[in-house]
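> Take this structure first; my questions come after.
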Amino acid sequence: MPLLITSPSPSLPPPSSTVGVVGWLRENLFSSTINTILTLVGMYLLYSLVPPVINWALFQADWVGTTKDACTSDGACWVFVGVRLNQFLFGFYPESEYWRVVVAFSLIGILVAWLLIDRTPKKGLVGAFTIFCYPIIAYYLFYGGAFGLQVVETFKWGGLMLTLILATTGMFFSFPIGIILALGRRSSMPIAKSMSVIFIEFWRGVPLITVLFMSSVMLPMFIPENMQIDKLLRAMIGIIFFQSAYMAEVVRGGLQAIPRGQLEAAESLGLSYWKTMFFIILPQALKLVIPGIVNTFIALFKDTTLVLIIGLFDLLAVVQAAFADPKWLGFSVEGYVFVASVYWVSCFSMSRYSLHLEKKLHTGHAR
Amino acid sequence: MTAAQGKQNDLNEVMVELRNVNKWYGDFHVLKNISFKVEKGERIIICGPSGCGKSTLIRCMNRLEEHQEGDIIVSGITLDDDLKHIDTIRRDIGMVFQQFNLFPHLTVMENCCLAPIWVQKKPRKEAEAIAMQYLERVQIADQAQKFPGQLSGGQQQRVAIARSLCMNPSIMLFDEPTSALDPEMIKEVLDVMIDLAHEGMTMLCVTHEMGFAKTVANRVMFMDAGEIIEENEPNEFFDNPQSDRTRLFLSQIL
């Protein structure tokens, strides 16, 4: 009699040793002798490192007080950070004007959250407001000089506030400039192409420290006395140009990954160059290089600490300056841990958001 | 050789005219002195061995490739370096590619509406209505909100045809539209193209689907090494090929 199967055979459950907690442990931690040894060594290292650090930072730490005398235990002395917190956040910004900084950052916080969270209405309007109106509002809030707000010179800006201002203006401008440069470098027009190549290769070829030194030491020698440009502004422009060059190369990588057929399809539909770029090529190219863009943003955020060498007091510089206070000698570890955690939280959030964005924009082969 | 040009077609409007078109890729002479006319409503099949210049030929007609000598005249406009001429011609020509080239980050509906909205400046509502009408015609209206990556190859190619039709072109170019498809999907695309031919669309089609050529073409051109070797009505072309090279080619593919 010929073989004939009329109904599919039932699926059997997998063997119990490959599923559940036991299965997971077997597969991931104890799959071979070497892995078992590594697991045990790793566990011992964790056991000997993590509890002391947590004890130092949390359980044995001193949290309240106003002077060094409050720190009596073996753990961290967070009182140091607490007492100095205003300076760490605002630098030498006048205390009576702190509200302006808080308002400016809360506003951008709300705007960015509005744009980043899915399913909020009127994203276009809010986006346009963020791009065109917010920078002006922020300028007057931070600097003053209009609407009855007193002028706060930029040398008084400092701390986390300065770090965030440098980082956000850097991202805000280097992203579009980078895109333009990337398009320019791939352009068939010789002038646009060579200008982009020269710009990118120049700024990518010099260290950021050199750029900052040039902007703060050399530049003032070449421009007339009466048209001095603000030191912070010079540093900002240096950072923006420097990061634009990196951004341009990241974006160019994305542009190169888009098949030529996409361009041809858009052209054959009669779309102009700019519409093709805006609607077809850039959305796909930028999506591909989200990890690279966020990488550049994170690098930029951390590179802003370099402004301390030209005498701008960003978060790190302000904290380091506080170590020299004779009343608070010997708390540099707490200071550095505080700075490191602020940077880590910021950079880690950026990295997580970029992962979320990649998932959300993935349309290629989702079934 | 130009049998189809006689009879009652003489008075018809000329949609595309090529006069002594030459093109080189570096030193390689890819199109050699190509001249022909396409009249309104004609369905022309271009076939030939791989690398003979047939794709290049139709890609020159909407300036995806640039020809170096000779004239290409589409709907009365000479194709030159003037961007306005290129734009006008591209709006009048629809093109379907071997690799579909749908925009993967946009839904089927957005793929179809983009050019009508941003090139023809149609209001979104109107563009969507037109798109829906064409998507229904290629029988894929129920997939309008999906992304191209979620569709089969045949479905994608039908969307690509609908996308071109949304611009209301007077000429359609097909560059091997079924070559990248699995065998069972070829028919659904060819059916759409046959429909289009019956409605009187002017079509130039590079294809190896000889059954399709017999059904819809009123002229078949055979190209080899950058030249048009033979041009005839389909029945004559297949049953009574004149040139040795044509006979060799037909014996290889049929």
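A note on labels: chains of the structure tokens are A, B, ... as shown, every chain counts residues from 1, and ligands are counted from 1 in their shown order.
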With only C-alpha atoms considered, list every residue of chain B at most 8 Å from chain A, as a tab-separated table (two decimals) with N, CA, C and O atoms, in the first residue's frame.


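Saved to out.tsv:
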chain	number	residue	atom	x	y	z
B	62	ASN	N	13.98	58.97	-21.19
B	62	ASN	CA	13.61	59.93	-20.14
B	62	ASN	C	14.85	60.39	-19.38
B	62	ASN	O	14.78	60.77	-18.23
B	64	LEU	N	17.42	58.99	-18.07
B	64	LEU	CA	18.13	58.31	-16.99
B	64	LEU	C	19.55	58.06	-17.47
B	64	LEU	O	20.47	57.92	-16.68
B	87	ASP	N	12.23	67.71	-17.31
B	87	ASP	CA	11.11	67.57	-16.37
B	87	ASP	C	9.80	67.30	-17.11
B	87	ASP	O	9.04	66.41	-16.74
B	88	THR	N	9.54	68.10	-18.16
B	88	THR	CA	8.28	67.93	-18.90
B	88	THR	C	8.20	66.53	-19.49
B	88	THR	O	7.16	65.86	-19.42
B	90	ARG	N	9.77	63.83	-18.49
B	90	ARG	CA	9.64	62.79	-17.46
B	90	ARG	C	8.21	62.71	-16.93
B	90	ARG	O	7.74	61.63	-16.57
B	91	ARG	N	7.54	63.86	-16.88
B	91	ARG	CA	6.15	63.81	-16.41
B	91	ARG	C	5.25	63.10	-17.40
B	91	ARG	O	4.20	62.60	-17.05
B	93	ILE	N	6.23	60.58	-19.35
B	93	ILE	CA	6.64	59.19	-19.54
B	93	ILE	C	6.59	58.46	-18.21
B	93	ILE	O	7.16	58.91	-17.23
B	94	GLY	N	5.90	57.33	-18.19
B	94	GLY	CA	5.93	56.50	-17.00
B	94	GLY	C	6.97	55.40	-17.21
B	94	GLY	O	7.18	54.96	-18.33
B	95	MET	N	7.62	55.00	-16.13
B	95	MET	CA	8.62	53.95	-16.30
B	95	MET	C	8.49	52.88	-15.24
B	95	MET	O	8.29	53.17	-14.06
B	97	PHE	N	10.45	49.43	-13.72
B	97	PHE	CA	11.80	48.87	-13.71
B	97	PHE	C	11.78	47.38	-13.40
B	97	PHE	O	10.84	46.86	-12.79
B	99	GLN	N	13.61	45.94	-11.17
B	99	GLN	CA	13.67	45.74	-9.71
B	99	GLN	C	12.57	46.51	-8.98
B	99	GLN	O	12.73	46.85	-7.81
B	101	ASN	N	11.72	49.08	-7.79
B	101	ASN	CA	12.12	50.38	-7.25
B	101	ASN	C	11.00	51.12	-6.55
B	101	ASN	O	10.88	52.35	-6.67
B	102	LEU	N	10.18	50.41	-5.80
B	102	LEU	CA	9.22	51.10	-4.93
B	102	LEU	C	10.00	51.73	-3.79
B	102	LEU	O	11.10	51.30	-3.46
B	103	PHE	N	9.41	52.78	-3.17
B	103	PHE	CA	10.09	53.42	-2.06
B	103	PHE	C	9.75	52.66	-0.77
B	103	PHE	O	8.61	52.69	-0.31
B	104	PRO	N	10.71	51.95	-0.19
B	104	PRO	CA	10.39	51.00	0.89
B	104	PRO	C	9.93	51.65	2.18
B	104	PRO	O	9.32	50.98	3.02
B	105	HIS	N	10.23	52.95	2.37
B	105	HIS	CA	9.85	53.61	3.62
B	105	HIS	C	8.46	54.22	3.53
B	105	HIS	O	7.99	54.81	4.50
B	115	ALA	N	4.31	61.65	-6.15
B	115	ALA	CA	4.57	62.49	-7.33
B	115	ALA	C	3.36	63.33	-7.73
B	115	ALA	O	3.51	64.52	-8.00
B	118	TRP	N	3.45	66.27	-5.19
B	118	TRP	CA	4.60	67.19	-5.17
B	118	TRP	C	5.08	67.60	-6.54
B	118	TRP	O	5.84	68.54	-6.67
B	119	VAL	N	4.69	66.88	-7.59
B	119	VAL	CA	5.08	67.30	-8.94
B	119	VAL	C	3.90	67.96	-9.65
B	119	VAL	O	4.03	69.03	-10.20
B	147	PHE	N	3.37	48.27	3.49
B	147	PHE	CA	4.66	48.71	2.96
B	147	PHE	C	5.10	47.73	1.86
B	147	PHE	O	4.75	46.54	1.91
B	148	PRO	N	5.87	48.22	0.88
B	148	PRO	CA	6.29	47.35	-0.22
B	148	PRO	C	6.94	46.06	0.25
B	148	PRO	O	6.73	45.01	-0.34
B	149	GLY	N	7.72	46.13	1.36
B	149	GLY	CA	8.40	44.94	1.86
B	149	GLY	C	7.46	43.84	2.30
B	149	GLY	O	7.89	42.72	2.52
B	150	GLN	N	6.17	44.19	2.47
B	150	GLN	CA	5.20	43.19	2.91
B	150	GLN	C	4.49	42.51	1.74
B	150	GLN	O	3.62	41.67	1.95
B	164	SER	N	3.21	54.61	-11.65
B	164	SER	CA	3.50	55.36	-12.88
B	164	SER	C	2.22	55.91	-13.49
B	164	SER	O	2.19	57.04	-13.96
B	167	MET	N	0.56	59.34	-12.55
B	167	MET	CA	1.02	60.60	-13.14
B	167	MET	C	0.36	60.85	-14.49
B	167	MET	O	0.69	61.82	-15.17

> Run DSSP on the backbone of this structure and report the residues of region 29-147 of chain B it assigns to helix (DSSP H, G or I), as a count of residues only.

46

> Hey, what's within 10 Å of Leu135 (chain B) if we count only C-alpha atoms and toss same-chain stuff fewer than 2 positions away? As an mmCIF file with N, CA, C and O atoms, in the first residue's frame, please?


data_model
loop_
_atom_site.group_PDB
_atom_site.id
_atom_site.type_symbol
_atom_site.label_atom_id
_atom_site.label_comp_id
_atom_site.auth_asym_id
_atom_site.auth_seq_id
_atom_site.Cartn_x
_atom_site.Cartn_y
_atom_site.Cartn_z
ATOM 1 N N VAL B 108 2.174 51.706 0.161
ATOM 2 C CA VAL B 108 1.764 51.611 -1.234
ATOM 3 C C VAL B 108 1.050 52.895 -1.654
ATOM 4 O O VAL B 108 1.345 53.491 -2.694
ATOM 5 N N MET B 109 0.107 53.352 -0.801
ATOM 6 C CA MET B 109 -0.652 54.557 -1.121
ATOM 7 C C MET B 109 0.274 55.771 -1.231
ATOM 8 O O MET B 109 0.187 56.557 -2.170
ATOM 9 N N CYS B 112 2.198 55.909 -4.378
ATOM 10 C CA CYS B 112 1.420 56.335 -5.535
ATOM 11 C C CYS B 112 1.109 57.830 -5.509
ATOM 12 O O CYS B 112 0.948 58.450 -6.550
ATOM 13 N N ALA B 129 -7.598 59.635 -4.310
ATOM 14 C CA ALA B 129 -8.711 59.057 -5.069
ATOM 15 C C ALA B 129 -8.199 58.459 -6.375
ATOM 16 O O ALA B 129 -8.570 57.337 -6.753
ATOM 17 N N ILE B 130 -7.323 59.204 -7.046
ATOM 18 C CA ILE B 130 -6.767 58.700 -8.314
ATOM 19 C C ILE B 130 -5.936 57.447 -8.062
ATOM 20 O O ILE B 130 -6.057 56.441 -8.776
ATOM 21 N N ALA B 131 -5.121 57.502 -7.012
ATOM 22 C CA ALA B 131 -4.270 56.350 -6.690
ATOM 23 C C ALA B 131 -5.132 55.115 -6.440
ATOM 24 O O ALA B 131 -4.835 54.022 -6.918
ATOM 25 N N MET B 132 -6.229 55.306 -5.693
ATOM 26 C CA MET B 132 -7.105 54.183 -5.366
ATOM 27 C C MET B 132 -7.677 53.576 -6.630
ATOM 28 O O MET B 132 -7.777 52.343 -6.756
ATOM 29 N N GLN B 133 -8.042 54.465 -7.550
ATOM 30 C CA GLN B 133 -8.626 54.010 -8.802
ATOM 31 C C GLN B 133 -7.629 53.118 -9.573
ATOM 32 O O GLN B 133 -7.987 52.046 -10.056
ATOM 33 N N ARG B 137 -7.438 49.047 -10.366
ATOM 34 C CA ARG B 137 -7.256 48.511 -11.709
ATOM 35 C C ARG B 137 -6.185 47.432 -11.753
ATOM 36 O O ARG B 137 -6.287 46.494 -12.536
ATOM 37 N N VAL B 138 -5.156 47.570 -10.939
ATOM 38 C CA VAL B 138 -4.146 46.511 -10.898
ATOM 39 C C VAL B 138 -4.460 45.505 -9.789
ATOM 40 O O VAL B 138 -3.635 44.688 -9.419
ATOM 41 N N GLN B 139 -5.684 45.595 -9.244
ATOM 42 C CA GLN B 139 -6.235 44.650 -8.266
ATOM 43 C C GLN B 139 -5.383 44.497 -7.024
ATOM 44 O O GLN B 139 -5.054 43.386 -6.602
ATOM 45 N N ILE B 140 -5.026 45.635 -6.438
ATOM 46 C CA ILE B 140 -4.201 45.561 -5.254
ATOM 47 C C ILE B 140 -4.656 46.607 -4.232
ATOM 48 O O ILE B 140 -3.960 46.921 -3.271
ATOM 49 N N ALA B 141 -5.897 47.111 -4.438
ATOM 50 C CA ALA B 141 -6.411 48.189 -3.588
ATOM 51 C C ALA B 141 -6.435 47.798 -2.117
ATOM 52 O O ALA B 141 -6.239 48.641 -1.244
ATOM 53 N N ASP B 142 -6.641 46.511 -1.834
ATOM 54 C CA ASP B 142 -6.731 46.079 -0.436
ATOM 55 C C ASP B 142 -5.387 46.137 0.278
ATOM 56 O O ASP B 142 -5.329 46.026 1.497
ATOM 57 N N GLN B 143 -4.300 46.326 -0.479
ATOM 58 C CA GLN B 143 -2.969 46.375 0.161
ATOM 59 C C GLN B 143 -2.466 47.808 0.306
ATOM 60 O O GLN B 143 -1.290 48.021 0.607
ATOM 61 N N ALA B 144 -3.345 48.793 0.081
ATOM 62 C CA ALA B 144 -2.891 50.184 -0.038
ATOM 63 C C ALA B 144 -2.115 50.686 1.167
ATOM 64 O O ALA B 144 -1.233 51.519 1.039
ATOM 65 N N ARG B 158 3.023 45.332 -9.709
ATOM 66 C CA ARG B 158 1.729 45.930 -10.072
ATOM 67 C C ARG B 158 1.570 47.298 -9.420
ATOM 68 O O ARG B 158 1.044 48.231 -10.019
ATOM 69 N N VAL B 159 2.069 47.424 -8.162
ATOM 70 C CA VAL B 159 2.040 48.736 -7.507
ATOM 71 C C VAL B 159 2.898 49.721 -8.300
ATOM 72 O O VAL B 159 2.505 50.869 -8.514
ATOM 73 N N ALA B 160 4.066 49.252 -8.763
ATOM 74 C CA ALA B 160 4.955 50.144 -9.518
ATOM 75 C C ALA B 160 4.270 50.635 -10.786
ATOM 76 O O ALA B 160 4.400 51.803 -11.169
ATOM 77 N N ILE B 161 3.508 49.740 -11.427
ATOM 78 C CA ILE B 161 2.777 50.159 -12.632
ATOM 79 C C ILE B 161 1.725 51.198 -12.256
ATOM 80 O O ILE B 161 1.605 52.251 -12.894
ATOM 81 N N ALA B 162 0.980 50.924 -11.170
ATOM 82 C CA ALA B 162 -0.041 51.881 -10.725
ATOM 83 C C ALA B 162 0.596 53.223 -10.385
ATOM 84 O O ALA B 162 0.053 54.284 -10.716
ATOM 85 N N ARG B 163 1.755 53.175 -9.724
ATOM 86 C CA ARG B 163 2.425 54.422 -9.350
ATOM 87 C C ARG B 163 2.741 55.275 -10.585
ATOM 88 O O ARG B 163 2.558 56.483 -10.580
ATOM 89 N N LEU B 165 1.163 55.094 -13.467
ATOM 90 C CA LEU B 165 -0.089 55.516 -14.111
ATOM 91 C C LEU B 165 -0.701 56.723 -13.397
ATOM 92 O O LEU B 165 -1.400 57.521 -14.005
ATOM 93 N N CYS B 166 -0.449 56.840 -12.089
ATOM 94 C CA CYS B 166 -1.015 57.958 -11.320
ATOM 95 C C CYS B 166 -0.570 59.304 -11.872
ATOM 96 O O CYS B 166 -1.220 60.316 -11.629
#

> Set the distance at 9 Å and use only C-alpha atoms: which residues neighbour Val79 (chain A) once local chain neighbours fewer than 2 positions away are removed? I'd like the list as a compact mmCIF listing (two decimals) with N, CA and C atoms, in the first residue's frame.


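Saved as out08.txt:
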# COMPACT_ATOMS: atom_id res chain seq x y z
N ASP A 62 27.01 59.58 53.22
CA ASP A 62 26.36 60.67 53.96
C ASP A 62 25.62 61.55 52.99
N TRP A 63 24.36 61.81 53.29
CA TRP A 63 23.51 62.52 52.34
C TRP A 63 23.16 63.93 52.79
N VAL A 64 23.03 64.12 54.15
CA VAL A 64 22.55 65.43 54.61
C VAL A 64 23.63 66.16 55.38
N GLY A 65 23.51 67.48 55.40
CA GLY A 65 24.48 68.30 56.09
C GLY A 65 24.85 69.51 55.26
N THR A 66 25.69 70.37 55.82
CA THR A 66 26.11 71.56 55.06
C THR A 66 27.62 71.72 55.06
N THR A 67 28.32 71.02 55.93
CA THR A 67 29.77 71.17 55.96
C THR A 67 30.45 69.80 55.89
N LYS A 68 31.77 69.85 55.78
CA LYS A 68 32.57 68.65 55.70
C LYS A 68 32.36 67.75 56.94
N ALA A 70 29.80 66.88 58.42
CA ALA A 70 28.66 65.97 58.34
C ALA A 70 29.08 64.61 57.82
N CYS A 71 30.25 64.55 57.15
CA CYS A 71 30.68 63.30 56.56
C CYS A 71 31.52 62.51 57.56
N ALA A 76 30.60 57.42 50.69
CA ALA A 76 30.73 58.65 49.91
C ALA A 76 30.14 59.82 50.67
N CYS A 77 30.68 61.02 50.40
CA CYS A 77 30.17 62.22 51.03
C CYS A 77 29.40 63.03 50.00
N VAL A 81 28.56 67.31 46.99
CA VAL A 81 27.82 67.58 45.75
C VAL A 81 26.58 68.40 46.04
N GLY A 82 25.89 68.05 47.17
CA GLY A 82 24.65 68.75 47.51
C GLY A 82 24.88 70.23 47.75
N VAL A 83 25.94 70.54 48.51
CA VAL A 83 26.22 71.95 48.83
C VAL A 83 26.56 72.73 47.57
N ARG A 84 27.29 72.08 46.69
CA ARG A 84 27.79 72.75 45.49
C ARG A 84 26.84 72.62 44.30

> Considering only C-alpha atoms, return as an NGL selection string whatever protein or nucleic-acid residues lie within 12 Å of Ile58 (chain B), sequence-local ones (same chain, fewer than 3 positions apart) excluded.

(:A and (268)) or (:B and (16-18 or 21 or 31 or 34 or 44-47 or 53-55 or 61-67 or 72 or 74 or 93-97 or 171-176 or 203-207))

> Would you pick out the contacts of Phe241 (chain A) at 10 Å or less, using only C-alpha atoms, so that residues sharing its chain but fewer than 5 positions from it are not included, and give the list as a list in words?

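The residues satisfying every condition are Gly170, Phe173, Ser174, Ile177, Gly178, Phe199, Ile200, Phe202, Trp203, Arg204, Val211, Met236, Tyr246 and Met247 of chain A.
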